[in-house]
Amino acid sequence: MPQPKALVRSAIGVFFEYDTPRIVHIRSKKVGIINRLIQITILAYLIGYVIVWRKGYQQFDNVQSAVTTKVKGVVFTNFTGIPGLDGRVWDVSDYVVPPQENGAFFVMTNVLVTPTQTQGTCDEDPTVADARCENKTCTRGEPVNLGNGIKTGNCIDSTVDPGAKVCEIYAWCPVERADNTTQAPTPALLGSENFTVFIKNNIEFPKFDVLRRNILGFDNDTELSSCRFDPNDARYKLCPIFGLSQIVQLAGTNYSDIAKGGGVIQVIINWDCNLDLDVSECLPEYSFRRLDRGDFSISRGFNFRYADHYKLENGTGQRTLYKAWGIRFLVSVQGQAGKFFIIPLLLNFGSGIALLSIATVICDIVVLYLLKARSYYKDKKYLDVKGEDAYETQDNDSVQLK
């Protein structure tokens, strides 16, 4: 076992040593083939993948964009006896809520209308668990859990479910009720599948001072307004006017299914542009997908409530409550532009050339540790040279400089 003093001397000796590469020209078929194969692989990766496929000779800039939308269409509902749906025309002001969103729009496809609600007292919905009072009291001033109002303290007969006892509440009355007397048997606004949406997209690549928009190939407003998107047509695949049923279909969904409970559809506008070509070749590509799965058993679809408020001539406040189901369309813009620039080309080329050193490392491992003549090659590769002022640690066989 080495003595502590010898260990210290060896450690000090390392401080006074210097290693320099030594070129050893080895003539071996095995090693030569391995070396050339590795070099060819690295060069193929550098030229084929990094430079050509990944366009390593270009400088890139991400797209900056703004999106506006305009929905058009009219639908008529004529569900006899259904409140709010008996002989009514619905236009864009009714079914697009809110009128404008940032990069999105909502189209109502189904609705439950509770008209002529006023502030007052009435019986709570018997389907609300906390509303039933057959075996408990109604605490005055307490809100109904998951209900519609505040308990008055009275337990009264339900006007909807004969024989049931429910808490009386102070609320907007009558409360919303979802049954076959208030809901349409099919999605109320299923005709919305014939609506169209105009998606206007303005984009910029600020690094290259390039401005584009997705209205391309149409000479006037008349041509534009009459076009419809067609992914299989060279001209109309650039049309920015889409049928809602077409968007849903291209997203892999049936319109009548999503119309009943609502959902979320993403419209993707992709701008991948090679600015080494003419800027007119910078064109958008559209794709569509449904973001929420339609087979969820819990909290399926998409819905919300809103109300129209107004006052009667006697000053009484009144409102119409809507529970709206529908499709929320999210418009996402992505992409980048590339243009030739010498600096990324040099950086990628230099990085690739540096990878060629991997061939030397692998071949050294093969020669020094795997070949049968590894001891012979080690003797040729490593040479211990002792200078006149060398720090002596122990006797060794070294070449002495004269």
# chains A, B, ... in the order shown; residues from 1 in each chain; ligands from 1

call {"tool": "residues_around", "arguments": {"residues": "stretch 246-249 of chain A", "least_positions_apart": "4", "cutoff": "12 Å", "atoms": "only C-alpha atoms", "output": "NGL selection string"}}
result
:A and (192-197 or 228-231 or 240-242 or 253-259 or 262-268 or 286-291 or 327-331)

call {"tool": "write_last_selection", "arguments": {"atoms": "N, CA and C atoms", "output": "compact mmCIF listing (two decimals), in the first residue's frame"}}
result
# COMPACT_ATOMS: atom_id res chain seq x y z
N SER A 192 -77.75 26.41 -37.07
CA SER A 192 -76.50 27.16 -37.06
C SER A 192 -75.40 26.46 -37.85
N GLU A 193 -75.61 25.20 -38.20
CA GLU A 193 -74.61 24.50 -39.00
C GLU A 193 -74.44 25.13 -40.38
N ASN A 194 -75.43 25.92 -40.80
CA ASN A 194 -75.35 26.60 -42.09
C ASN A 194 -74.75 28.00 -41.98
N PHE A 195 -74.38 28.42 -40.78
CA PHE A 195 -73.77 29.74 -40.60
C PHE A 195 -72.36 29.73 -41.19
N THR A 196 -71.86 30.93 -41.46
CA THR A 196 -70.48 31.08 -41.93
C THR A 196 -69.73 32.03 -41.01
N VAL A 197 -68.43 31.90 -41.01
CA VAL A 197 -67.58 32.81 -40.24
C VAL A 197 -66.44 33.28 -41.14
N ARG A 228 -65.91 30.08 -50.50
CA ARG A 228 -66.00 29.23 -49.32
C ARG A 228 -64.76 28.35 -49.27
N PHE A 229 -64.26 28.15 -48.09
CA PHE A 229 -63.03 27.37 -47.91
C PHE A 229 -63.19 25.96 -48.44
N ASP A 230 -62.20 25.52 -49.21
CA ASP A 230 -62.16 24.16 -49.73
C ASP A 230 -60.71 23.68 -49.67
N PRO A 231 -60.39 22.76 -48.76
CA PRO A 231 -58.99 22.33 -48.58
C PRO A 231 -58.43 21.60 -49.80
N PRO A 240 -60.89 32.72 -46.66
CA PRO A 240 -61.00 32.84 -45.20
C PRO A 240 -62.42 32.76 -44.66
N ILE A 241 -63.38 32.32 -45.50
CA ILE A 241 -64.77 32.19 -45.07
C ILE A 241 -65.10 30.70 -44.96
N PHE A 242 -65.55 30.29 -43.76
CA PHE A 242 -65.74 28.87 -43.45
C PHE A 242 -67.18 28.62 -43.04
N THR A 253 -65.67 15.72 -35.97
CA THR A 253 -66.82 15.67 -35.08
C THR A 253 -68.11 15.85 -35.87
N ASN A 254 -69.19 15.25 -35.38
CA ASN A 254 -70.50 15.42 -35.98
C ASN A 254 -71.18 16.65 -35.39
N TYR A 255 -71.73 17.52 -36.26
CA TYR A 255 -72.27 18.80 -35.78
C TYR A 255 -73.46 18.61 -34.85
N SER A 256 -74.39 17.71 -35.17
CA SER A 256 -75.56 17.53 -34.33
C SER A 256 -75.19 17.02 -32.94
N ASP A 257 -74.11 16.24 -32.84
CA ASP A 257 -73.66 15.74 -31.53
C ASP A 257 -73.10 16.86 -30.67
N ILE A 258 -72.24 17.67 -31.26
CA ILE A 258 -71.61 18.74 -30.47
C ILE A 258 -72.59 19.88 -30.22
N ALA A 259 -73.62 20.02 -31.08
CA ALA A 259 -74.58 21.11 -30.91
C ALA A 259 -75.44 20.93 -29.67
N GLY A 262 -72.59 21.26 -26.57
CA GLY A 262 -71.51 22.24 -26.71
C GLY A 262 -70.14 21.60 -26.72
N GLY A 263 -69.14 22.40 -27.02
CA GLY A 263 -67.77 21.92 -27.07
C GLY A 263 -66.82 23.03 -27.47
N VAL A 264 -65.55 22.68 -27.63
CA VAL A 264 -64.51 23.65 -27.97
C VAL A 264 -63.75 23.14 -29.19
N ILE A 265 -63.70 23.95 -30.24
CA ILE A 265 -63.00 23.63 -31.47
C ILE A 265 -61.87 24.63 -31.68
N GLN A 266 -60.70 24.14 -32.06
CA GLN A 266 -59.56 25.02 -32.34
C GLN A 266 -59.35 25.13 -33.84
N VAL A 267 -59.24 26.38 -34.30
CA VAL A 267 -58.88 26.66 -35.69
C VAL A 267 -57.43 27.13 -35.69
N ILE A 268 -56.55 26.40 -36.37
CA ILE A 268 -55.12 26.71 -36.38
C ILE A 268 -54.75 27.29 -37.74
N TYR A 286 -54.52 25.95 -43.00
CA TYR A 286 -55.54 25.82 -41.96
C TYR A 286 -55.68 24.36 -41.52
N SER A 287 -55.87 24.18 -40.22
CA SER A 287 -56.18 22.86 -39.68
C SER A 287 -57.14 23.05 -38.50
N PHE A 288 -57.84 21.96 -38.14
CA PHE A 288 -58.91 22.06 -37.15
C PHE A 288 -58.87 20.83 -36.25
N ARG A 289 -59.22 21.04 -34.98
CA ARG A 289 -59.30 19.91 -34.06
C ARG A 289 -60.22 20.26 -32.89
N ARG A 290 -60.80 19.24 -32.31
CA ARG A 290 -61.64 19.43 -31.12
C ARG A 290 -60.77 19.29 -29.88
N LEU A 291 -60.84 20.28 -29.00
CA LEU A 291 -59.99 20.29 -27.81
C LEU A 291 -60.60 19.52 -26.65
N ILE A 327 -70.75 26.12 -29.30
CA ILE A 327 -69.38 25.80 -29.68
C ILE A 327 -68.52 27.03 -29.54
N ARG A 328 -67.46 26.90 -28.80
CA ARG A 328 -66.49 27.99 -28.68
C ARG A 328 -65.33 27.67 -29.62
N PHE A 329 -65.13 28.55 -30.59
CA PHE A 329 -64.07 28.39 -31.57
C PHE A 329 -62.87 29.23 -31.15
N LEU A 330 -61.73 28.59 -30.94
CA LEU A 330 -60.49 29.28 -30.60
C LEU A 330 -59.62 29.36 -31.85
N VAL A 331 -59.21 30.57 -32.22
CA VAL A 331 -58.39 30.76 -33.40
C VAL A 331 -56.95 30.98 -32.96

call {"tool": "atom_distance", "arguments": {"atom1": "atom CA of A:Ile199", "atom2": "atom CA of A:Asp276"}}
result
28.0 Å

call {"tool": "atom_distance", "arguments": {"atom1": "atom CA of A:Ile38", "atom2": "atom CA of A:Lys380"}}
result
23.5 Å

call {"tool": "select_by_dssp", "arguments": {"residues": "stretch 127-194 of chain A", "states": "strand (DSSP E or B)", "output": "ChimeraX atom specification"}}
result
/A:132,143,150-157,165-173

call {"tool": "residues_around", "arguments": {"residues": "stretch 64-70 of chain A", "least_positions_apart": "6", "cutoff": "7 Å", "atoms": "only C-alpha atoms", "output": "list in words"}}
result
Gly103, Val197, Phe198, Ile199, Lys200, Asn201, Asn202, Ile203, Glu204, Phe205 and Val333 of chain A

call {"tool": "closest_residue", "arguments": {"among": "A:Thr139, A:Thr109, A:Asn270, A:Thr222", "to": "A:Ala188", "atoms": "only C-alpha atoms"}}
result
A:Thr109
